[in-house]
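Undergrad: Take a look at this one; I'll ask things after.
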2 protein chains.
Amino acid sequence: MSELPADVVLMWGLKDTARRGPKPSLTVDDITQAAIELADAEGLAAVSMARVAERLGNSTMALYRHVKSKDDLLTLMSDAALEHPEPMPEGIDWRTGLTFWADNVLTVTRQHTWYSQLTLSGPPTGPKNLAWFDSALSVLADTGLSEEGKVGVVMGLLTYVHGQIRLSLDLAAGFADKPELFSRYGAVLKAVVDPQRLPALARVLAAGVFDTEITYEESDNEDFDFGLQLYLDGVAGFIERTCG
Amino acid sequence: MSELPADVVLMWGLKDTARRGPKPSLTVDDITQAAIELADAEGLAAVSMARVAERLGNSTMALYRHVKSKDDLLTLMSDAALEHPEPMPEGIDWRTGLTFWADNVLTVTRQHTWYSQLTLSGPPTGPKNLAWFDSALSVLADTGLSEEGKVGVVMGLLTYVHGQIRLSLDLAAGFADKPELFSRYGAVLKAVVDPQRLPALARVLAAGVFDTEITYEESDNEDFDFGLQLYLDGVAGFIERTCG
DNA sequence: CCCTTACTGCGTATCGTCTACGCTAATTAG
DNA sequence: CTAATTAGCGTAGACGATACGCAGTAAGGG
């Protein structure tokens, strides 16, 4: 028990209960929650130990009694920010199930736009992260895939989903920052692309693909589903090949 | 011409040549290169204006004559760090071509492990980035896809590749940092996972999927290719459906 | 040839960040 | 009651980004 890493102990709430000194006026949970609210409101860059402490009405250094370092806090946030996954409808087929799952990941992550900027420090160990992992795995139970195959499929899906989310959130943030760059994207490329050197790209420009103003909320879901279905097509083939 | 964004002007080297004052002892290129070397050697976190200037034998503030801000410098790095793409073999079929391309992206990015930590501030505009974009598009020329379809396929592929790279690099960094967490991953999960609440995950653990020590350089390429081929399977179906 | 002008390098200073260390006060085990 | 343990926090150091302004340099115009 006491052999478990410190992060894991904190995330699962496995602290020794009988303590001697003064009652803590702060819990790790309070700190994590305050940090998440701050990140939601002002972005990940605004999360400093000082700002978090201010929000809790404590001094900066008080936080270090509960959290080893700022990186530690970020790790805690990466689990605490997630909701529990929606329960999978019973008897759902794997393809519908994974689409449902991916859409839920998208929904949850959209509420914490900083999430995809976190740097992973290891494989997932927190309760929420593992619950999501389990949820995706359970959908593949009846496919006949080996356990290792299921893990591969889910990891690939997670990578795709996170990659897509990160891309779209980064772009959305950039868009909010300086929209000119986006509305003029087609024009800028045309000024700079030499059809001799980059012929394929020049053809795309000539076809006017980047001429429409890019708006975000709409195009995102389409692109997301487009790539997702491609990936799931691949999974279907894999299942067929392996277990068919 | 002068209407182009500042970043674009810098990346394409479109500065006014006739200047009046003293000869610059520094070029934007020198600065970018120094920053890249620093990031390669000590990680992205080590890149500070002071450290970069020190490496060039200049003062910190001298850099701001050439670069608007640190974010600006990071944007420049995101283009300058890329090699030019290997030229596509003539007459290569799209699937082999995209696999070749993805492998090249993997190779280039492995040389700059910080690359996937950069936050994109907008759609790609630098010469190297666009060259890669063009290279992937050119492979799809004979598929009969619409220009928009090609863009979608390449964007999806890029997202997958970057996501995968980021995941594996983050994990590799975490592994270098504290290997215990990785070698004991299976054991930690078993201590913490309740088969009642997370049955699918418990089955994976029981099958011993996480019991083998995780080594990185080997498993990476397999996972990468596995997911890549799934995605390409999906693309094949899409081409069939659309143009078949 | 000189002066104006634009530009480079850089010193100074402000403000924000993380966090090591040690003190004080609160709480409880024995 | 005493000693051990622990929470909160003040101080301070090291480091980071960058606004501002000064001094010196090189070209263009006369």
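We label chains A, B, ... in the order they appear in the structure tokens, count residues from 1 in each chain, and number ligands from 1 in the order shown.
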Env of DA6 (chain C): 10 Å cut, atoms = only C-alpha atoms (C1' of nucleotides), seq-sep filter 2 positions within chain, self excluded. Answer as a list in words.
TA: Arg19, Arg20, Gly21 and Pro22 of chain B; DT4 and DT8 of chain C; DA26 and DA27 of chain D
Undergrad: Can you superpose chain A onto chain B by least squares over all C-alpha atoms paired in order and give the moved copy as a PDB file with C-alpha atoms, in the first residue's frame?
TA:
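Result file follows (superposed.pdb):
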ATOM      1  CA  MET A   1       3.790  42.273 -49.845  1.00  0.00           C
ATOM      2  CA  SER A   2       4.151  44.413 -46.752  1.00  0.00           C
ATOM      3  CA  GLU A   3       0.645  43.281 -45.852  1.00  0.00           C
ATOM      4  CA  LEU A   4       1.895  39.845 -44.868  1.00  0.00           C
ATOM      5  CA  PRO A   5       2.032  38.896 -41.182  1.00  0.00           C
ATOM      6  CA  ALA A   6       5.360  39.468 -39.473  1.00  0.00           C
ATOM      7  CA  ASP A   7       5.990  35.778 -38.814  1.00  0.00           C
ATOM      8  CA  VAL A   8       5.500  34.911 -42.442  1.00  0.00           C
ATOM      9  CA  VAL A   9       7.905  37.612 -43.553  1.00  0.00           C
ATOM     10  CA  LEU A  10      10.549  36.306 -41.166  1.00  0.00           C
ATOM     11  CA  MET A  11      10.110  32.648 -42.028  1.00  0.00           C
ATOM     12  CA  TRP A  12      10.340  33.245 -45.746  1.00  0.00           C
ATOM     13  CA  GLY A  13      13.248  35.658 -45.343  1.00  0.00           C
ATOM     14  CA  LEU A  14      11.487  38.603 -46.972  1.00  0.00           C
ATOM     15  CA  LYS A  15      13.176  41.422 -45.082  1.00  0.00           C
ATOM     16  CA  ASP A  16      13.911  44.840 -46.587  1.00  0.00           C
ATOM     17  CA  THR A  17      17.558  44.698 -47.603  1.00  0.00           C
ATOM     18  CA  ALA A  18      18.503  48.384 -47.715  1.00  0.00           C
ATOM     19  CA  ARG A  19      18.864  49.504 -44.128  1.00  0.00           C
ATOM     20  CA  ARG A  20      20.500  52.491 -42.547  1.00  0.00           C
ATOM     21  CA  GLY A  21      21.929  51.863 -39.081  1.00  0.00           C
ATOM     22  CA  PRO A  22      24.827  49.641 -38.019  1.00  0.00           C
ATOM     23  CA  LYS A  23      25.235  46.201 -39.575  1.00  0.00           C
ATOM     24  CA  PRO A  24      23.418  43.587 -37.513  1.00  0.00           C
ATOM     25  CA  SER A  25      25.854  41.176 -35.900  1.00  0.00           C
ATOM     26  CA  LEU A  26      22.985  38.739 -35.462  1.00  0.00           C
ATOM     27  CA  THR A  27      20.415  37.315 -37.819  1.00  0.00           C
ATOM     28  CA  VAL A  28      17.035  35.854 -37.045  1.00  0.00           C
ATOM     29  CA  ASP A  29      18.383  32.611 -38.399  1.00  0.00           C
ATOM     30  CA  ASP A  30      21.254  32.528 -35.934  1.00  0.00           C
ATOM     31  CA  ILE A  31      18.853  33.073 -33.085  1.00  0.00           C
ATOM     32  CA  THR A  32      16.434  30.409 -34.248  1.00  0.00           C
ATOM     33  CA  GLN A  33      19.238  27.943 -34.783  1.00  0.00           C
ATOM     34  CA  ALA A  34      20.734  28.573 -31.370  1.00  0.00           C
ATOM     35  CA  ALA A  35      17.340  28.113 -29.766  1.00  0.00           C
ATOM     36  CA  ILE A  36      16.851  24.835 -31.587  1.00  0.00           C
ATOM     37  CA  GLU A  37      20.236  23.529 -30.518  1.00  0.00           C
ATOM     38  CA  LEU A  38      19.458  24.456 -26.954  1.00  0.00           C
ATOM     39  CA  ALA A  39      16.090  22.737 -27.081  1.00  0.00           C
ATOM     40  CA  ASP A  40      17.651  19.644 -28.610  1.00  0.00           C
ATOM     41  CA  ALA A  41      20.279  19.493 -25.912  1.00  0.00           C
ATOM     42  CA  GLU A  42      18.325  20.405 -22.792  1.00  0.00           C
ATOM     43  CA  GLY A  43      14.653  20.398 -23.642  1.00  0.00           C
ATOM     44  CA  LEU A  44      12.148  23.094 -24.422  1.00  0.00           C
ATOM     45  CA  ALA A  45      12.026  24.274 -20.815  1.00  0.00           C
ATOM     46  CA  ALA A  46      15.677  25.263 -21.023  1.00  0.00           C
ATOM     47  CA  VAL A  47      14.988  27.686 -23.857  1.00  0.00           C
ATOM     48  CA  SER A  48      14.944  31.120 -22.277  1.00  0.00           C
ATOM     49  CA  MET A  49      15.915  34.331 -23.943  1.00  0.00           C
ATOM     50  CA  ALA A  50      18.852  34.585 -21.573  1.00  0.00           C
ATOM     51  CA  ARG A  51      20.190  31.136 -22.368  1.00  0.00           C
ATOM     52  CA  VAL A  52      19.826  31.630 -26.094  1.00  0.00           C
ATOM     53  CA  ALA A  53      21.613  34.964 -25.946  1.00  0.00           C
ATOM     54  CA  GLU A  54      24.384  33.477 -23.832  1.00  0.00           C
ATOM     55  CA  ARG A  55      24.898  30.786 -26.442  1.00  0.00           C
ATOM     56  CA  LEU A  56      25.323  33.499 -29.068  1.00  0.00           C
ATOM     57  CA  GLY A  57      27.616  35.639 -26.952  1.00  0.00           C
ATOM     58  CA  ASN A  58      25.137  38.489 -26.930  1.00  0.00           C
ATOM     59  CA  SER A  59      23.066  40.139 -24.262  1.00  0.00           C
ATOM     60  CA  THR A  60      19.519  39.037 -23.605  1.00  0.00           C
ATOM     61  CA  MET A  61      17.888  42.175 -24.877  1.00  0.00           C
ATOM     62  CA  ALA A  62      19.749  42.142 -28.144  1.00  0.00           C
ATOM     63  CA  LEU A  63      17.470  39.338 -29.281  1.00  0.00           C
ATOM     64  CA  TYR A  64      14.426  41.552 -29.094  1.00  0.00           C
ATOM     65  CA  ARG A  65      15.723  43.625 -31.978  1.00  0.00           C
ATOM     66  CA  HIS A  66      15.148  40.604 -34.217  1.00  0.00           C
ATOM     67  CA  VAL A  67      12.298  38.749 -32.601  1.00  0.00           C
ATOM     68  CA  LYS A  68       9.096  40.235 -31.278  1.00  0.00           C
ATOM     69  CA  SER A  69       8.679  37.957 -28.285  1.00  0.00           C
ATOM     70  CA  LYS A  70       9.499  34.520 -27.056  1.00  0.00           C
ATOM     71  CA  ASP A  71       6.322  33.156 -28.609  1.00  0.00           C
ATOM     72  CA  ASP A  72       7.476  34.604 -31.875  1.00  0.00           C
ATOM     73  CA  LEU A  73      10.733  32.716 -31.516  1.00  0.00           C
ATOM     74  CA  LEU A  74       8.883  29.492 -30.818  1.00  0.00           C
ATOM     75  CA  THR A  75       6.853  29.929 -33.973  1.00  0.00           C
ATOM     76  CA  LEU A  76      10.037  30.408 -35.965  1.00  0.00           C
ATOM     77  CA  MET A  77      11.511  27.289 -34.394  1.00  0.00           C
ATOM     78  CA  SER A  78       8.469  25.279 -35.400  1.00  0.00           C
ATOM     79  CA  ASP A  79       9.304  25.801 -39.032  1.00  0.00           C
ATOM     80  CA  ALA A  80      13.082  25.958 -38.932  1.00  0.00           C
ATOM     81  CA  ALA A  81      13.431  22.684 -37.046  1.00  0.00           C
ATOM     82  CA  LEU A  82      12.000  20.684 -39.912  1.00  0.00           C
ATOM     83  CA  GLU A  83      14.195  19.279 -42.641  1.00  0.00           C
ATOM     84  CA  HIS A  84      12.901  19.477 -46.156  1.00  0.00           C
ATOM     85  CA  PRO A  85      10.858  16.374 -46.930  1.00  0.00           C
ATOM     86  CA  GLU A  86      12.469  13.547 -48.840  1.00  0.00           C
ATOM     87  CA  PRO A  87      11.356  13.811 -52.459  1.00  0.00           C
ATOM     88  CA  MET A  88       8.566  11.375 -53.260  1.00  0.00           C
ATOM     89  CA  PRO A  89       9.662   8.574 -55.602  1.00  0.00           C
ATOM     90  CA  GLU A  90       7.942   9.068 -58.946  1.00  0.00           C
ATOM     91  CA  GLY A  91       4.922   6.917 -59.675  1.00  0.00           C
ATOM     92  CA  ILE A  92       4.581   5.650 -56.122  1.00  0.00           C
ATOM     93  CA  ASP A  93       1.064   4.551 -55.176  1.00  0.00           C
ATOM     94  CA  TRP A  94      -0.727   6.676 -52.607  1.00  0.00           C
ATOM     95  CA  ARG A  95      -0.662   4.145 -49.806  1.00  0.00           C
ATOM     96  CA  THR A  96       3.040   3.426 -49.982  1.00  0.00           C
ATOM     97  CA  GLY A  97       3.625   7.138 -50.428  1.00  0.00           C
ATOM     98  CA  LEU A  98       1.725   8.155 -47.315  1.00  0.00           C
ATOM     99  CA  THR A  99       3.449   5.457 -45.273  1.00  0.00           C
ATOM    100  CA  PHE A 100       6.789   6.735 -46.547  1.00  0.00           C
ATOM    101  CA  TRP A 101       5.739  10.253 -45.674  1.00  0.00           C
ATOM    102  CA  ALA A 102       4.547   9.361 -42.187  1.00  0.00           C
ATOM    103  CA  ASP A 103       7.760   7.477 -41.473  1.00  0.00           C
ATOM    104  CA  ASN A 104       9.740  10.504 -42.557  1.00  0.00           C
ATOM    105  CA  VAL A 105       7.726  12.759 -40.280  1.00  0.00           C
ATOM    106  CA  LEU A 106       8.479  10.348 -37.481  1.00  0.00           C
ATOM    107  CA  THR A 107      12.188  10.405 -38.254  1.00  0.00           C
ATOM    108  CA  VAL A 108      12.412  14.180 -38.446  1.00  0.00           C
ATOM    109  CA  THR A 109      10.442  14.710 -35.276  1.00  0.00           C
ATOM    110  CA  ARG A 110      12.478  12.194 -33.323  1.00  0.00           C
ATOM    111  CA  GLN A 111      15.449  14.499 -33.784  1.00  0.00           C
ATOM    112  CA  HIS A 112      13.640  17.312 -32.001  1.00  0.00           C
ATOM    113  CA  THR A 113      11.833  15.736 -29.116  1.00  0.00           C
ATOM    114  CA  TRP A 114      10.424  19.076 -27.985  1.00  0.00           C
ATOM    115  CA  TYR A 115       8.592  19.578 -31.262  1.00  0.00           C
ATOM    116  CA  SER A 116       5.325  18.032 -30.217  1.00  0.00           C
ATOM    117  CA  GLN A 117       5.161  20.221 -27.128  1.00  0.00           C
ATOM    118  CA  LEU A 118       4.811  23.409 -29.118  1.00  0.00           C
ATOM    119  CA  THR A 119       1.437  25.046 -29.115  1.00  0.00           C
ATOM    120  CA  LEU A 120       0.222  25.777 -32.610  1.00  0.00           C
ATOM    121  CA  SER A 121      -0.764  29.390 -32.982  1.00  0.00           C
ATOM    122  CA  GLY A 122      -2.376  29.100 -36.377  1.00  0.00           C
ATOM    123  CA  PRO A 123      -2.520  27.136 -39.596  1.00  0.00           C
ATOM    124  CA  PRO A 124       0.905  26.386 -41.102  1.00  0.00           C
ATOM    125  CA  THR A 125       2.506  29.193 -43.077  1.00  0.00           C
ATOM    126  CA  GLY A 126       6.229  28.449 -42.966  1.00  0.00           C
ATOM    127  CA  PRO A 127       8.124  27.146 -46.017  1.00  0.00           C
ATOM    128  CA  LYS A 128       9.139  23.815 -44.529  1.00  0.00           C
ATOM    129  CA  ASN A 129       5.707  23.085 -43.138  1.00  0.00           C
ATOM    130  CA  LEU A 130       4.113  23.871 -46.465  1.00  0.00           C
ATOM    131  CA  ALA A 131       6.636  21.715 -48.283  1.00  0.00           C
ATOM    132  CA  TRP A 132       5.603  18.758 -46.163  1.00  0.00           C
ATOM    133  CA  PHE A 133       1.971  19.556 -46.752  1.00  0.00           C
ATOM    134  CA  ASP A 134       2.568  19.685 -50.485  1.00  0.00           C
ATOM    135  CA  SER A 135       4.485  16.444 -50.433  1.00  0.00           C
ATOM    136  CA  ALA A 136       1.614  14.537 -48.847  1.00  0.00           C
ATOM    137  CA  LEU A 137      -0.933  16.144 -51.149  1.00  0.00           C
ATOM    138  CA  SER A 138       1.047  15.265 -54.262  1.00  0.00           C
ATOM    139  CA  VAL A 139       0.833  11.569 -53.459  1.00  0.00           C
ATOM    140  CA  LEU A 140      -2.933  11.751 -53.595  1.00  0.00           C
ATOM    141  CA  ALA A 141      -2.972  13.429 -57.014  1.00  0.00           C
ATOM    142  CA  ASP A 142      -4.066  10.347 -58.956  1.00  0.00           C
ATOM    143  CA  THR A 143      -6.685   9.104 -56.526  1.00  0.00           C
ATOM    144  CA  GLY A 144      -9.479  11.146 -58.016  1.00  0.00           C
ATOM    145  CA  LEU A 145     -10.304  12.721 -54.682  1.00  0.00           C
ATOM    146  CA  SER A 146     -11.472  16.319 -54.673  1.00  0.00           C
ATOM    147  CA  GLU A 147      -8.935  18.872 -53.483  1.00  0.00           C
ATOM    148  CA  GLU A 148     -10.959  19.273 -50.333  1.00  0.00           C
ATOM    149  CA  GLY A 149     -10.992  15.531 -49.786  1.00  0.00           C
ATOM    150  CA  LYS A 150      -7.220  15.387 -50.137  1.00  0.00           C
ATOM    151  CA  VAL A 151      -6.826  18.148 -47.576  1.00  0.00           C
ATOM    152  CA  GLY A 152      -9.090  16.258 -45.181  1.00  0.00           C
ATOM    153  CA  VAL A 153      -7.146  13.045 -45.559  1.00  0.00           C
ATOM    154  CA  VAL A 154      -3.789  14.751 -45.064  1.00  0.00           C
ATOM    155  CA  MET A 155      -4.983  16.751 -42.071  1.00  0.00           C
ATOM    156  CA  GLY A 156      -6.318  13.606 -40.457  1.00  0.00           C
ATOM    157  CA  LEU A 157      -3.062  11.812 -41.110  1.00  0.00           C
ATOM    158  CA  LEU A 158      -1.014  14.677 -39.739  1.00  0.00           C
ATOM    159  CA  THR A 159      -3.163  14.784 -36.641  1.00  0.00           C
ATOM    160  CA  TYR A 160      -2.737  11.081 -36.092  1.00  0.00           C
ATOM    161  CA  VAL A 161       0.996  11.207 -36.644  1.00  0.00           C
ATOM    162  CA  HIS A 162       1.551  14.175 -34.397  1.00  0.00           C
ATOM    163  CA  GLY A 163      -0.699  12.742 -31.724  1.00  0.00           C
ATOM    164  CA  GLN A 164       1.184   9.480 -31.751  1.00  0.00           C
ATOM    165  CA  ILE A 165       4.541  11.201 -31.690  1.00  0.00           C
ATOM    166  CA  ARG A 166       3.536  13.437 -28.858  1.00  0.00           C
ATOM    167  CA  LEU A 167       2.233  10.547 -26.834  1.00  0.00           C
ATOM    168  CA  SER A 168       5.322   8.448 -27.307  1.00  0.00           C
ATOM    169  CA  LEU A 169       7.731  11.314 -26.661  1.00  0.00           C
ATOM    170  CA  ASP A 170       5.897  12.420 -23.536  1.00  0.00           C
ATOM    171  CA  LEU A 171       5.960   8.879 -22.259  1.00  0.00           C
ATOM    172  CA  ALA A 172       9.598   8.432 -23.148  1.00  0.00           C
ATOM    173  CA  ALA A 173      10.442  11.611 -21.248  1.00  0.00           C
ATOM    174  CA  GLY A 174       8.426  10.408 -18.262  1.00  0.00           C
ATOM    175  CA  PHE A 175      10.181   7.095 -18.502  1.00  0.00           C
ATOM    176  CA  ALA A 176      13.592   8.711 -18.437  1.00  0.00           C
ATOM    177  CA  ASP A 177      12.440  10.747 -15.454  1.00  0.00           C
ATOM    178  CA  LYS A 178      11.211   7.950 -13.208  1.00  0.00           C
ATOM    179  CA  PRO A 179      11.379   4.471 -14.694  1.00  0.00           C
ATOM    180  CA  GLU A 180       9.975   2.845 -11.518  1.00  0.00           C
ATOM    181  CA  LEU A 181       6.521   4.071 -12.372  1.00  0.00           C
ATOM    182  CA  PHE A 182       6.656   2.247 -15.680  1.00  0.00           C
ATOM    183  CA  SER A 183       8.116  -1.045 -14.605  1.00  0.00           C
ATOM    184  CA  ARG A 184       5.562  -1.243 -11.818  1.00  0.00           C
ATOM    185  CA  TYR A 185       2.620  -0.053 -13.909  1.00  0.00           C
ATOM    186  CA  GLY A 186       0.867  -3.405 -13.998  1.00  0.00           C
ATOM    187  CA  ALA A 187       1.345  -3.888 -10.278  1.00  0.00           C
ATOM    188  CA  VAL A 188       0.098  -0.402  -9.438  1.00  0.00           C
ATOM    189  CA  LEU A 189      -3.031  -0.890 -11.499  1.00  0.00           C
ATOM    190  CA  LYS A 190      -3.732  -4.212  -9.875  1.00  0.00           C
ATOM    191  CA  ALA A 191      -3.512  -2.586  -6.456  1.00  0.00           C
ATOM    192  CA  VAL A 192      -5.985   0.081  -7.378  1.00  0.00           C
ATOM    193  CA  VAL A 193      -8.438  -1.379  -9.875  1.00  0.00           C
ATOM    194  CA  ASP A 194     -11.594  -2.841  -8.387  1.00  0.00           C
ATOM    195  CA  PRO A 195     -12.827  -5.639 -10.738  1.00  0.00           C
ATOM    196  CA  GLN A 196     -16.370  -4.743  -9.726  1.00  0.00           C
ATOM    197  CA  ARG A 197     -16.176  -1.192 -10.946  1.00  0.00           C
ATOM    198  CA  LEU A 198     -13.742  -1.578 -13.852  1.00  0.00           C
ATOM    199  CA  PRO A 199     -14.316  -5.119 -15.121  1.00  0.00           C
ATOM    200  CA  ALA A 200     -12.958  -4.661 -18.647  1.00  0.00           C
ATOM    201  CA  LEU A 201      -9.738  -3.180 -17.381  1.00  0.00           C
ATOM    202  CA  ALA A 202      -9.478  -5.910 -14.753  1.00  0.00           C
ATOM    203  CA  ARG A 203      -9.683  -8.513 -17.516  1.00  0.00           C
ATOM    204  CA  VAL A 204      -6.832  -6.816 -19.346  1.00  0.00           C
ATOM    205  CA  LEU A 205      -4.753  -6.886 -16.180  1.00  0.00           C
ATOM    206  CA  ALA A 206      -5.611 -10.516 -15.541  1.00  0.00           C
ATOM    207  CA  ALA A 207      -4.403 -11.333 -19.038  1.00  0.00           C
ATOM    208  CA  GLY A 208      -1.054  -9.839 -18.066  1.00  0.00           C
ATOM    209  CA  VAL A 209      -0.947  -7.221 -20.815  1.00  0.00           C
ATOM    210  CA  PHE A 210       0.846  -4.687 -18.607  1.00  0.00           C
ATOM    211  CA  ASP A 211       3.077  -7.132 -16.819  1.00  0.00           C
ATOM    212  CA  THR A 212       5.918  -7.005 -19.298  1.00  0.00           C
ATOM    213  CA  GLU A 213       8.357  -4.217 -18.699  1.00  0.00           C
ATOM    214  CA  ILE A 214       7.729  -1.431 -21.119  1.00  0.00           C
ATOM    215  CA  THR A 215      10.700  -0.578 -23.263  1.00  0.00           C
ATOM    216  CA  TYR A 216      10.353   2.254 -25.641  1.00  0.00           C
ATOM    217  CA  GLU A 217      12.331   2.315 -28.818  1.00  0.00           C
ATOM    218  CA  GLU A 218      10.983  -1.065 -29.879  1.00  0.00           C
ATOM    219  CA  SER A 219       7.303  -0.961 -29.125  1.00  0.00           C
ATOM    220  CA  ASP A 220       6.878   2.508 -30.542  1.00  0.00           C
ATOM    221  CA  ASN A 221       7.329   1.728 -34.189  1.00  0.00           C
ATOM    222  CA  GLU A 222       4.962  -1.206 -33.963  1.00  0.00           C
ATOM    223  CA  ASP A 223       2.197   0.807 -32.329  1.00  0.00           C
ATOM    224  CA  PHE A 224       2.783   3.616 -34.751  1.00  0.00           C
ATOM    225  CA  ASP A 225       2.480   1.406 -37.796  1.00  0.00           C
ATOM    226  CA  PHE A 226      -0.461  -0.448 -36.359  1.00  0.00           C
ATOM    227  CA  GLY A 227      -2.563   2.702 -35.965  1.00  0.00           C
ATOM    228  CA  LEU A 228      -1.263   4.145 -39.197  1.00  0.00           C
ATOM    229  CA  GLN A 229      -2.344   1.126 -41.209  1.00  0.00           C
ATOM    230  CA  LEU A 230      -5.763   1.248 -39.586  1.00  0.00           C
ATOM    231  CA  TYR A 231      -6.140   4.835 -40.667  1.00  0.00           C
ATOM    232  CA  LEU A 232      -4.934   4.083 -44.187  1.00  0.00           C
ATOM    233  CA  ASP A 233      -7.416   1.230 -44.404  1.00  0.00           C
ATOM    234  CA  GLY A 234     -10.069   3.798 -43.687  1.00  0.00           C
ATOM    235  CA  VAL A 235      -8.694   6.111 -46.366  1.00  0.00           C
ATOM    236  CA  ALA A 236      -8.757   3.277 -48.887  1.00  0.00           C
ATOM    237  CA  GLY A 237     -12.434   2.747 -48.174  1.00  0.00           C
ATOM    238  CA  PHE A 238     -13.094   6.442 -48.518  1.00  0.00           C
ATOM    239  CA  ILE A 239     -11.389   6.595 -51.904  1.00  0.00           C
ATOM    240  CA  GLU A 240     -13.307   3.541 -53.062  1.00  0.00           C
ATOM    241  CA  ARG A 241     -16.609   4.998 -51.908  1.00  0.00           C
ATOM    242  CA  THR A 242     -16.001   8.440 -53.371  1.00  0.00           C
ATOM    243  CA  CYS A 243     -14.262   7.688 -56.622  1.00  0.00           C
ATOM    244  CA  GLY A 244     -14.696   3.980 -57.111  1.00  0.00           C
TER     245      GLY A 244
END
Undergrad: As an mmCIF file with C-alpha atoms (C1' of nucleotides), in the first residue's frame, please: the residues near region 20-25 of chain C (cut-off 9 Å, only C-alpha atoms (C1' of nucleotides), same-chain neighbours under 2 positions excluded).
TA:
data_model
loop_
_atom_site.group_PDB
_atom_site.id
_atom_site.type_symbol
_atom_site.label_atom_id
_atom_site.label_comp_id
_atom_site.auth_asym_id
_atom_site.auth_seq_id
_atom_site.Cartn_x
_atom_site.Cartn_y
_atom_site.Cartn_z
ATOM 1 C CA PRO A 22 -3.497 20.975 13.584
ATOM 2 C "C1'" DA D 7 -0.325 23.238 9.239
ATOM 3 C "C1'" DG D 10 6.914 35.060 5.915
ATOM 4 C "C1'" DG D 13 16.805 33.667 -3.608
#
Undergrad: Residues of region 6-231 of chain A classed as helix (DSSP H, G or I) by DSSP on the backbone are to be reported as a ChimeraX atom specification.
TA: /A:6-11,28-42,44-46,49-56,60-65,70-80,94-110,115-117,127-139,141-143,147-177,180-183,185-192,199-206,216-231
Undergrad: Counting only C-alpha atoms (C1' of nucleotides), which residues of chain C come no farther than 10 Å from chain B, as an mmCIF file with N, CA and C atoms (P, O5', C5', C4', C3', O3' and C1' of nucleotides), in the first residue's frame?
TA:
data_model
loop_
_atom_site.group_PDB
_atom_site.id
_atom_site.type_symbol
_atom_site.label_atom_id
_atom_site.label_comp_id
_atom_site.auth_asym_id
_atom_site.auth_seq_id
_atom_site.Cartn_x
_atom_site.Cartn_y
_atom_site.Cartn_z
ATOM 1 P P DT C 5 16.236 64.472 -39.758
ATOM 2 O "O5'" DT C 5 16.174 62.920 -40.066
ATOM 3 C "C5'" DT C 5 16.755 62.413 -41.279
ATOM 4 C "C4'" DT C 5 16.902 60.902 -41.182
ATOM 5 C "C3'" DT C 5 16.012 60.249 -40.120
ATOM 6 O "O3'" DT C 5 15.399 59.126 -40.709
ATOM 7 C "C1'" DT C 5 18.255 59.551 -39.836
ATOM 8 P P DA C 6 14.097 58.481 -40.071
ATOM 9 O "O5'" DA C 6 14.542 56.964 -40.084
ATOM 10 C "C5'" DA C 6 15.225 56.456 -41.228
ATOM 11 C "C4'" DA C 6 16.065 55.260 -40.809
ATOM 12 C "C3'" DA C 6 15.339 54.294 -39.864
ATOM 13 O "O3'" DA C 6 15.549 52.989 -40.349
ATOM 14 C "C1'" DA C 6 17.414 54.943 -38.933
ATOM 15 P P DC C 7 14.691 51.794 -39.728
ATOM 16 O "O5'" DC C 7 15.844 50.937 -39.085
ATOM 17 C "C5'" DC C 7 17.084 50.783 -39.780
ATOM 18 C "C4'" DC C 7 18.148 50.393 -38.787
ATOM 19 C "C3'" DC C 7 17.652 49.401 -37.728
ATOM 20 O "O3'" DC C 7 18.457 48.246 -37.750
ATOM 21 C "C1'" DC C 7 18.921 51.149 -36.745
ATOM 22 P P DT C 8 18.009 46.960 -36.886
ATOM 23 O "O5'" DT C 8 19.318 46.703 -36.036
ATOM 24 C "C5'" DT C 8 20.592 46.690 -36.668
ATOM 25 C "C4'" DT C 8 21.675 46.713 -35.589
ATOM 26 C "C3'" DT C 8 21.465 45.680 -34.493
ATOM 27 O "O3'" DT C 8 22.654 44.916 -34.342
ATOM 28 C "C1'" DT C 8 21.701 47.878 -33.546
ATOM 29 P P DG C 9 22.661 43.621 -33.452
ATOM 30 O "O5'" DG C 9 23.154 44.198 -32.052
ATOM 31 C "C5'" DG C 9 24.484 44.694 -31.970
ATOM 32 C "C4'" DG C 9 24.698 45.314 -30.605
ATOM 33 C "C3'" DG C 9 24.413 44.352 -29.440
ATOM 34 O "O3'" DG C 9 25.568 44.344 -28.610
ATOM 35 C "C1'" DG C 9 23.277 46.425 -29.127
ATOM 36 P P DC C 10 25.734 43.351 -27.411
ATOM 37 O "O5'" DC C 10 25.096 44.185 -26.222
ATOM 38 C "C5'" DC C 10 25.611 45.471 -25.940
ATOM 39 C "C4'" DC C 10 24.724 46.134 -24.921
ATOM 40 C "C3'" DC C 10 24.270 45.220 -23.767
ATOM 41 O "O3'" DC C 10 24.567 45.868 -22.577
ATOM 42 C "C1'" DC C 10 22.499 46.495 -24.570
ATOM 43 P P DG C 11 25.231 45.129 -21.377
ATOM 44 O "O5'" DG C 11 25.099 46.243 -20.241
ATOM 45 C "C5'" DG C 11 25.230 47.628 -20.614
ATOM 46 C "C4'" DG C 11 24.391 48.485 -19.675
ATOM 47 C "C3'" DG C 11 24.128 47.857 -18.304
ATOM 48 O "O3'" DG C 11 24.161 48.890 -17.307
ATOM 49 C "C1'" DG C 11 22.061 48.216 -19.442
#
Undergrad: When the cut-off is 10 Å and we count only C-alpha atoms (C1' of nucleotides), which residues of chain D are near chain B, given as an MDAnalysis selection string?
TA: chainID D and resid 15:18 24:28
